Number of protein chains: 2
Amino acid sequence: MGLRVSEIDYYSLHGIWGAYASLVLGRIGKGAGVVVGNVQPPSRSLFIGYQLGNESPRLFPFCPDTRVGLDATAYIDPDAPAKPVLAPPAYSYFQSQEIERYISLSGEEWKAGLVSFKVHSFFGKVPDPALSDPNVLRSHIRPAIYLSLTFDNTAHSEPLTGIFGMQGVRRPLSDSTNGTMLGFAHGTEWGFAIFPEETIDEVMDWRVVDAVFNGNRPLRRLASEGALRFKIPGGEKKVYHIALGVYRDGVITSGLRTQSYYTSLFHDLEEVLECALRDTSRMMQKSAQLDTSLEQKKLSDDRKFLLFHGIHSYCANTELLISEKGDPVFVVNEGEYQMMNTLDLTVDQAFFELEYTPWTVKNELDFFALRSSYTDAYGIAFSHDQGVADCFTPPGMSTYELPRLSECFSYMSFEETLNWVLTASLYVSRKKDIQWFTDNVQYLEACLASMRARDANQDGIMDIDSDRCAGGAEITTYDSLDVSLGQARNNLYLGVKTWAAYVCLASLFEHYAPQYVSHIQEARESAQRAANSIQARMLDEGYIPAVFESNNRSKIIPAVEGLAYPYACGWPQLVAENGPYGSFIKTLKKHLDTVLAPGSCLDAVSGGWKLSSTSHNTWLSKIFLNQFVSEKILGFTDERIYRDGIHAHWLRSGSAQWAATDQVHSSDGHDMGSRLYPRLVTAILWTL
Amino acid sequence: MGLRVSEIDYYSLHGIWGAYASLVLGRIGKGAGVVVGNVQPPSRSLFIGYQLGNESPRLFPFCPDTRVGLDATAYIDPDAPAKPVLAPPAYSYFQSQEIERYISLSGEEWKAGLVSFKVHSFFGKVPDPALSDPNVLRSHIRPAIYLSLTFDNTAHSEPLTGIFGMQGVRRPLSDSTNGTMLGFAHGTEWGFAIFPEETIDEVMDWRVVDAVFNGNRPLRRLASEGALRFKIPGGEKKVYHIALGVYRDGVITSGLRTQSYYTSLFHDLEEVLECALRDTSRMMQKSAQLDTSLEQKKLSDDRKFLLFHGIHSYCANTELLISEKGDPVFVVNEGEYQMMNTLDLTVDQAFFELEYTPWTVKNELDFFALRSSYTDAYGIAFSHDQGVADCFTPPGMSTYELPRLSECFSYMSFEETLNWVLTASLYVSRKKDIQWFTDNVQYLEACLASMRARDANQDGIMDIDSDRCAGGAEITTYDSLDVSLGQARNNLYLGVKTWAAYVCLASLFEHYAPQYVSHIQEARESAQRAANSIQARMLDEGYIPAVFESNNRSKIIPAVEGLAYPYACGWPQLVAENGPYGSFIKTLKKHLDTVLAPGSCLDAVSGGWKLSSTSHNTWLSKIFLNQFVSEKILGFTDERIYRDGIHAHWLRSGSAQWAATDQVHSSDGHDMGSRLYPRLVTAILWTL
C-alpha cells in the first residue's frame, strides 16, 4: 500500500522510463493526465470515481474547470431554442479529508469511499539494449505504465457504476483494434486501454461524466472526452488493470536524427498497450517486489517520500533514443528547462543510474566524450549540455553557455570536466569495466592535464577561466545562487570537488593502469596541493569561507559535497579521518559542524538546510547528497542532519505544483527554479 | 500587388497545400505564425519591422502580449538584486491607418513605412502524384511557402536594420546546416530559412526584438524567440525571400496508417527549406502568373476578395497522405471541426478541385467508395465523413452521425449518396475519364437503386429515413439551420438536389454507357417525378415551401442549389428554361424571384443573403453557389444578386477572427459556426 502522506495536495510525475512522458496527477482541483515530450502538468481532467445505485456520483478532485476541444455549442446555432434535456445526475468531488494518499517506490495509491486506484510506474532495472534480446527489451523499454482500479461494492446490494476517463482523447481504441481492446487515445500519441470484459464499456461524449452515469448513448466520436465504464454488482469487489501508453513515431530530434528507441520494438500505440496488458500480472509482481525490497532498507518515512518522489520525476525526464545506425542514445532532460543531458546533473544522477541502469552512465560518458567535449586554450573540457527540447546542439556546444558573462549562463568548463571525470570514476570503479577504462584512458589523461593547466599558481585550485568566457568568468552548477557557490574560480565547493577528481583519477590509474606512474604522481600531487590550500583557508571562527577572494565570508554546506565521490567509488579510506587526507577531512568536518547552525546553514525560520548562509535559495538534490556525506562519511548523527520532515513538507506545500522542485526557498520551500526536475534521485544514496 | 482591402483587421489562413499547415496572420494585436496539424490561429508573436538609424523601431502589430516558453526569470533567483541593464530601444507598432493590406490569388501583401512583405502561398495546379515524376513532385508537394520582405532605404542616408522573427522557435537553422541556411525552427516540425548573405544574421534571445536592435549578442539557444536581422545601407533597397516550411515525420494517422506524402519526397525540414529556397525565382514567377491570369477574369473586387480568402483557407485544410502501400490519400479537413473528408463539403469543393487538382476528386471518390460506403435496409449509402483530427474511423462509419436523433448529428445517408453521385458526375463529365466510369459503374447503379428505394410513394422525393437512424430522422448538410433546410425528408432543397442527381445519372449513362437503357429510363422517370412533385408545391404567393410537411411556410434560397451540378457537368440544356425540364426551371426561377426580398431571404438589417427566411444563420459557401445558379443559370442580373460587398464585409468584421467562416449571422456576419473553413472555394464558380 505504501506510505501514507499527510499532505495530499501535490503533483506527482509518474514518468514512463525512457519515453520522456508521464502521468501527472495529485493536485486538488487542478489538471491531471498524460504528457509527452515535456513534463508540464496538463490542464485536463482525469475522471476516476463511481455511482452507487442512484446516489449522486463521487469523483476524485482531478478536474479543473477547463474545456478541451469543441463541444456541441460549436456545431449548433447558439440562438436556437433550447430543448429540454434530461438533467444529468449532479456529481460531487471527494473532499480532502475523505481521501487517503499513499506513495511507494513503484508508484502511489489513492483511496476514497468505495474506490481506490494504484499507479504502477516504476519497475526498477532496465537492461542494456545493446546487449539484450529484443523480446526481453519489449518488457523493459515499453512506453507504458499501469493503473489498477478497485471498486469495493461488497457492503452494498445495489450495483455500482465506476468510471475511469480523460479529457483530450479523440478516438475509442475499439475502433482500431476491432474491439480486442477498449479504451481511448489522443491520435497516435497516447492512450489508455483494457482488455474487454462484459462489465466494461467505452463512453465518449461532450461531457463524458454525464454520459457515463446517464444511460446508454452511442459513442460521440467528435468529442474530446472518453471513459471506461465499469458495472459492479452488489456484494462484489472488482479490480481492473488499465495500461497507459505513449508512442511518438518518426524522427523526433534535430541536430542528430534519432527516433524513440521503442519504435524499434513496437509498431504503434496499440501494440504497446496490448503488449503491456498481456504482461500485467508479471509487472504487478515486479512492482510489488520492488516495494518489498525497499521495505528492507531502514529509511525514515520522510526519506522514503523524498526518494520515491524524486525517482518518479527522474523517470519522467528520461528519454531513450535510437540513432540511424541503431545505437541507443540516452538522454535525461532537465525538468522545466528541457536541456538534454546537463552534465552537472549527470554526475549526481549517476548514483541512481548505477543501481538501476549502469549502462546509461556509460552511454552518457561516451556520448559526451564523442560529441560534447572540446578543446580550449588549456586543454579538454566538456559542454554543460547537449541540446534543448529534443534539439541537439552542434558538437562541442551547449545551449546554456554564453561568453562575456560572470553569472548565470556563463561557461562551466572546469566543473563539467570534473563532472565527466567523477562520473567516469564512479562507473569504472563500481562496474569494474576495465574495457571501457582502456578505451577511454586518453580522455582521462587529457582531463588530468587540462585540470592542472587551469591551476596557474599550482595550489591545486582552479584559478584560470576558460578563454571561451571571452573576458567573463566561469560558474558552477549552483548558477542561481550568489557568488558563494556560483563563482568557479577559487571556490571552496569546487576546490573540494577538484580534490575529489584528483584523488579519483589517481586511484583509477593506480587500480587499472598502474604503469601510468607519472599520472598517478601528478594527480596525487595536485590533490595534496588542493587539500593543503583549502585547509589553509580555515578561519578562527571554525569555517572556511566560500570563496578565496574579496574577503568573502559566506558559509556553505557543499564544502563537503566532493567527498561523496571517492566514497561512492568504493575508496572510503580516501575520505577517512585516519586516511591519507585525514587532516583535510577533519578540517571539513569541523567546517560542517560550524556552518550547520541556525541562521547560518540551518534556516532560521523553517529549520531546513540552507546550502549557503548568504542565499535563501537551497537545492534539495544537493541537500540529499550533502546529508549523505555528513552522515555516512563524516559521521554526524545529531538532529541537525535529520531535517527530512521539513524538506518533505516543502515539496508537498510550497513546491506542490512542481513535482519535484530542486531549487526552493529555505524559509517555506516555495519553488524558485528547477521545477519538474530529475536530480532529486541523489536520495538513492540513503539506501546504499 | 493585388487588391487593396479597406478593412485590414482580419485573419488570413495561408495554407500550405497538402500539408495541413498554414501561416496565419492578419489580426491587429493578436497572434500570428505557423500552425501544423490544425487551423487554429496561434497566440504567438510574429516580428516584422525595422529601425532606421537610431530612431525608435517600428513593427507590424502582430504581437499579442503573451510569452512563449521560459525566460530568464525561470533560471535566475527572482529575489537577486537587479543589475542595471542597458535599456532596449522602445519600439512601437504601426497604427492601422499607416498600414496598407492587399490580397491576391497567390497570397497577400502588407506595407507600412519603409517595409513591405508579401506572402506567396498559393501556386495553382498540383499534378497527380500517382502519375508524376518524384522530381516534379518535389516542387509541387513541397510543404513550404514564401515570404518576400522589402526594405526601402533609398530615401535615407542612415543604415536601416530590419527584422523578421517568430516566437515558438527553439533552434537556429545554422546549427543543423553548418551555416548553409540561416533561420529558426520549432523542433523538427516547422521553421523559416534564408540563404546566408553578408547583410543577414541570426538573433535568438529571451526578447528577440530587444536583441535585434541592441548590438551583437551571441545566440541564446535556451530562448523561444528567433529572428533574422537585415542590414540595409543608406540609399539602398533590398528584397529578401524567406521560405517557411513544415515537416511531420512518421505515421500521423490512426485507424489507417499513413504518413504525410511529402515524407516520401523529403528527408526532413531542412531539405524542404533548402529545396524551396533553390526554387525561389521559379515560384515567384509562378505566383505572379497566377495573379495575372486572374486579372483576366472579370470579377468585382469584392468577389476577388471572397475567392482569394476562401482559397487560402481551403489550402490550410488540405492534407495529402501516403499509405503504407505507397498510394496517395487526399483529405480535406473540416475547419475547426477537423472532420476528415466531409462528403457534403467534397461535392461543393469539387468545383474548385476540378480546376486545380482534378485527381484529388477521383481520389476522394475512390476512397469513399472503398472505405466509407455502407449498405442499410434500402441499399448503398455513404458516410458523412471519414474521421476526425487525423483519426480515421472504421470502414462505413463517420465520426458525426449518431442514431435516434432528428437534428444536428443525425445521419445524412441520403444526401451523402447524392453527394457521391454528383461528385462522380462532375468528375467524369468534366475530365472525360471513361476508364474511371467503367471501373465504378456498379457504384452508380447501386446509388440509383438506393435513391429510388428511399422514395416509397414514387413521387421522386426521398421519404424514408435510413434504418441507421433507429427511429430518428435524416438531416442535410444544413445541420445547424432550422427544419427548413435541416430535415432531409420531403425537403425542397434536397428534392431539387435529388432531381439533379437523377438527371446527372441519366446523362452519365447516356453518354458513357448507353447500353444501360433501363437505368437511363429509371433515372429520367424519377427526375421527372421529382420535378413534377416540386412544381406542384408552388403556392399562390409565388414560392415553394421549404418542407412538404406540417404546413411549413419557410422560404429558402437553396431551392435552386441543385441546378448547379448538371450545368457544371457541361449539360446546360438540362437546366435551361427551354430544355426538357423547362417548366420546372421556370417554377424555380419564379420561386427565387419571390424569396429574394428584404425580410424574406435578403436580411432586413444588412441586406445580405439569408438562406432561409426563418433562420438568421446563413452560410457563405452556399451563398456563392446559389449566386452562381441565380446569375449564370437563371439569368438574374439585378442588384439583389450583387450583395458581395456585404458578404466580404462580414468576413473582415464579424468573422474577422475565423478565416474563413462559413456560418455567419445574416445581420452583421458574426461567426456562428464552421470557422476556419475550407468550403468557401465555391466562389471559384464565378470564374468559370
# chains A, B, ... in the order shown; residues from 1 in each chain; ligands from 1
$ residues_around --residues "Leu494 of chain B" --least-positions-apart "4" --cutoff "9 Å" --atoms "only C-alpha atoms" --output "count of residues only"
14
$ residues_around --residues "segment 430-442 of chain A" --least-positions-apart "5" --cutoff "9 Å" --atoms "only C-alpha atoms" --output "list in words"
Leu354, Pro358, Lys362, Asp366, Ala369, Ala424, Ser425, Cys447, Leu508, Phe509, Tyr512, Ala513, Ala568, Cys569 and Gly570 of chain A
$ write_last_selection --atoms "C-alpha atoms" --output "mmCIF file, in the first residue's frame"
data_model
loop_
_atom_site.group_PDB
_atom_site.id
_atom_site.type_symbol
_atom_site.label_atom_id
_atom_site.label_comp_id
_atom_site.auth_asym_id
_atom_site.auth_seq_id
_atom_site.Cartn_x
_atom_site.Cartn_y
_atom_site.Cartn_z
ATOM 1 C CA LEU A 354 24.480 2.853 -11.354
ATOM 2 C CA PRO A 358 24.561 1.377 -15.180
ATOM 3 C CA LYS A 362 28.439 4.571 -19.893
ATOM 4 C CA ASP A 366 30.622 8.053 -24.382
ATOM 5 C CA ALA A 369 33.232 12.365 -24.957
ATOM 6 C CA ALA A 424 33.763 8.019 -15.245
ATOM 7 C CA SER A 425 35.378 7.165 -11.900
ATOM 8 C CA CYS A 447 41.299 15.734 -18.310
ATOM 9 C CA LEU A 508 41.695 4.856 -11.145
ATOM 10 C CA PHE A 509 45.165 4.834 -12.699
ATOM 11 C CA TYR A 512 43.544 -0.107 -13.667
ATOM 12 C CA ALA A 513 46.734 1.280 -15.215
ATOM 13 C CA ALA A 568 30.879 6.054 -3.616
ATOM 14 C CA CYS A 569 33.695 4.771 -5.856
ATOM 15 C CA GLY A 570 34.459 2.302 -3.104
#
$ interface_residues --of "chain A" --to "chain B" --cutoff "8 Å" --atoms "only C-alpha atoms" --output "ChimeraX atom specification"
/A:70,74-78,170-171,175-176,187-188,218,220-222,249-255,337,388-391,393-394,399-400,402-403,408,479-481,617,672-674
$ write_last_selection --atoms "N, CA and C atoms" --output "tab-separated table (two decimals), in the first residue's frame"
chain	number	residue	atom	x	y	z
A	70	LEU	N	-13.74	21.27	-28.84
A	70	LEU	CA	-15.05	21.87	-29.05
A	70	LEU	C	-16.11	21.09	-28.28
A	74	ALA	N	-20.33	24.53	-30.62
A	74	ALA	CA	-19.62	24.89	-31.85
A	74	ALA	C	-20.39	24.43	-33.09
A	75	TYR	N	-21.29	23.47	-32.90
A	75	TYR	CA	-21.99	22.88	-34.04
A	75	TYR	C	-23.42	23.38	-34.17
A	76	ILE	N	-24.01	23.74	-33.03
A	76	ILE	CA	-25.44	24.04	-33.01
A	76	ILE	C	-25.63	25.54	-32.86
A	77	ASP	N	-26.56	26.09	-33.62
A	77	ASP	CA	-26.88	27.51	-33.54
A	77	ASP	C	-27.12	27.90	-32.08
A	78	PRO	N	-26.28	28.78	-31.54
A	78	PRO	CA	-26.43	29.12	-30.12
A	78	PRO	C	-27.75	29.84	-29.83
A	170	ARG	N	-9.27	11.52	-28.58
A	170	ARG	CA	-10.06	11.77	-29.78
A	170	ARG	C	-10.62	10.51	-30.44
A	171	ARG	N	-10.30	9.33	-29.90
A	171	ARG	CA	-10.82	8.12	-30.56
A	171	ARG	C	-10.92	6.97	-29.59
A	175	ASP	N	-12.14	1.01	-32.06
A	175	ASP	CA	-12.18	1.27	-33.50
A	175	ASP	C	-10.99	0.66	-34.23
A	176	SER	N	-9.79	0.94	-33.71
A	176	SER	CA	-8.60	0.50	-34.45
A	176	SER	C	-8.20	-0.93	-34.11
A	187	GLY	N	-4.97	10.73	-30.75
A	187	GLY	CA	-4.27	10.46	-32.01
A	187	GLY	C	-3.46	9.18	-31.93
A	188	THR	N	-2.23	9.26	-32.43
A	188	THR	CA	-1.33	8.10	-32.40
A	188	THR	C	-0.41	8.19	-31.19
A	218	PRO	N	-24.74	6.25	-27.74
A	218	PRO	CA	-23.68	5.82	-28.66
A	218	PRO	C	-22.44	6.70	-28.48
A	220	ARG	N	-19.86	9.32	-29.08
A	220	ARG	CA	-19.83	10.57	-29.82
A	220	ARG	C	-18.38	10.85	-30.19
A	221	ARG	N	-18.00	10.42	-31.40
A	221	ARG	CA	-16.59	10.44	-31.78
A	221	ARG	C	-16.04	11.84	-32.03
A	222	LEU	N	-16.90	12.84	-32.06
A	222	LEU	CA	-16.40	14.21	-32.23
A	222	LEU	C	-15.96	14.82	-30.91
A	249	ASP	N	6.08	8.63	-33.15
A	249	ASP	CA	6.66	7.97	-34.31
A	249	ASP	C	7.63	8.90	-35.05
A	250	GLY	N	8.51	8.31	-35.82
A	250	GLY	CA	9.37	9.09	-36.71
A	250	GLY	C	10.53	9.74	-35.97
A	251	VAL	N	11.30	10.51	-36.73
A	251	VAL	CA	12.46	11.22	-36.18
A	251	VAL	C	11.94	12.37	-35.30
A	252	ILE	N	12.40	12.41	-34.06
A	252	ILE	CA	11.88	13.44	-33.15
A	252	ILE	C	12.94	14.42	-32.69
A	253	THR	N	14.18	14.22	-33.10
A	253	THR	CA	15.22	15.16	-32.69
A	253	THR	C	15.86	15.81	-33.90
A	254	SER	N	16.34	17.03	-33.70
A	254	SER	CA	17.10	17.72	-34.76
A	254	SER	C	18.56	17.78	-34.34
A	255	GLY	N	19.41	18.15	-35.27
A	255	GLY	CA	20.85	18.21	-34.97
A	255	GLY	C	21.48	16.84	-35.11
A	337	TYR	N	13.43	23.17	-17.80
A	337	TYR	CA	14.37	23.78	-18.75
A	337	TYR	C	14.54	22.96	-20.02
A	388	VAL	N	18.44	21.21	-26.28
A	388	VAL	CA	17.24	21.58	-25.53
A	388	VAL	C	16.00	21.15	-26.32
A	389	ALA	N	15.01	20.63	-25.60
A	389	ALA	CA	13.71	20.33	-26.21
A	389	ALA	C	13.84	19.47	-27.47
A	390	ASP	N	14.61	18.40	-27.37
A	390	ASP	CA	14.81	17.47	-28.48
A	390	ASP	C	15.58	18.08	-29.65
A	391	CYS	N	16.22	19.22	-29.44
A	391	CYS	CA	17.10	19.81	-30.46
A	391	CYS	C	18.55	19.65	-29.99
A	393	THR	N	22.43	20.29	-29.95
A	393	THR	CA	23.35	21.34	-30.41
A	393	THR	C	24.44	20.71	-31.29
A	394	PRO	N	25.15	21.54	-32.04
A	394	PRO	CA	26.30	21.03	-32.79
A	394	PRO	C	27.37	20.51	-31.80
A	399	THR	N	23.56	24.54	-25.10
A	399	THR	CA	22.55	25.58	-25.29
A	399	THR	C	22.68	26.66	-24.23
A	400	TYR	N	23.34	26.30	-23.12
A	400	TYR	CA	23.31	27.16	-21.93
A	400	TYR	C	24.39	28.22	-21.94
A	402	LEU	N	27.21	30.99	-22.53
A	402	LEU	CA	27.43	32.17	-23.36
A	402	LEU	C	28.69	32.90	-22.91
A	403	PRO	N	29.37	33.58	-23.82
A	403	PRO	CA	30.58	34.31	-23.45
A	403	PRO	C	30.27	35.63	-22.75
A	408	CYS	N	24.93	33.55	-14.04
A	408	CYS	CA	24.11	32.56	-14.73
A	408	CYS	C	24.34	32.63	-16.25
A	479	ASP	N	24.26	27.81	-10.31
A	479	ASP	CA	24.30	29.03	-11.12
A	479	ASP	C	23.39	30.13	-10.62
A	480	SER	N	22.34	29.78	-9.90
A	480	SER	CA	21.41	30.82	-9.49
A	480	SER	C	21.64	31.23	-8.04
A	481	LEU	N	22.62	30.64	-7.41
A	481	LEU	CA	22.97	31.08	-6.07
A	481	LEU	C	23.91	32.27	-6.16
A	617	ASN	N	18.18	30.55	-1.41
A	617	ASN	CA	17.87	29.59	-2.46
A	617	ASN	C	18.62	28.30	-2.14
A	672	MET	N	11.69	28.08	-6.53
A	672	MET	CA	12.47	29.22	-7.05
A	672	MET	C	13.10	28.92	-8.40
A	673	GLY	N	13.02	27.67	-8.82
A	673	GLY	CA	13.63	27.29	-10.09
A	673	GLY	C	13.77	25.78	-10.13
A	674	SER	N	14.28	25.26	-11.28
A	674	SER	CA	14.50	23.81	-11.42
A	674	SER	C	13.27	23.01	-11.02
$ residues_around --residues "Ile684 of chain B" --least-positions-apart "5" --cutoff "10 Å" --atoms "only C-alpha atoms" --output "PyMOL selection string"
chain B and resi 303-304+306-308+310-311+349+351-353+355+624-625+628
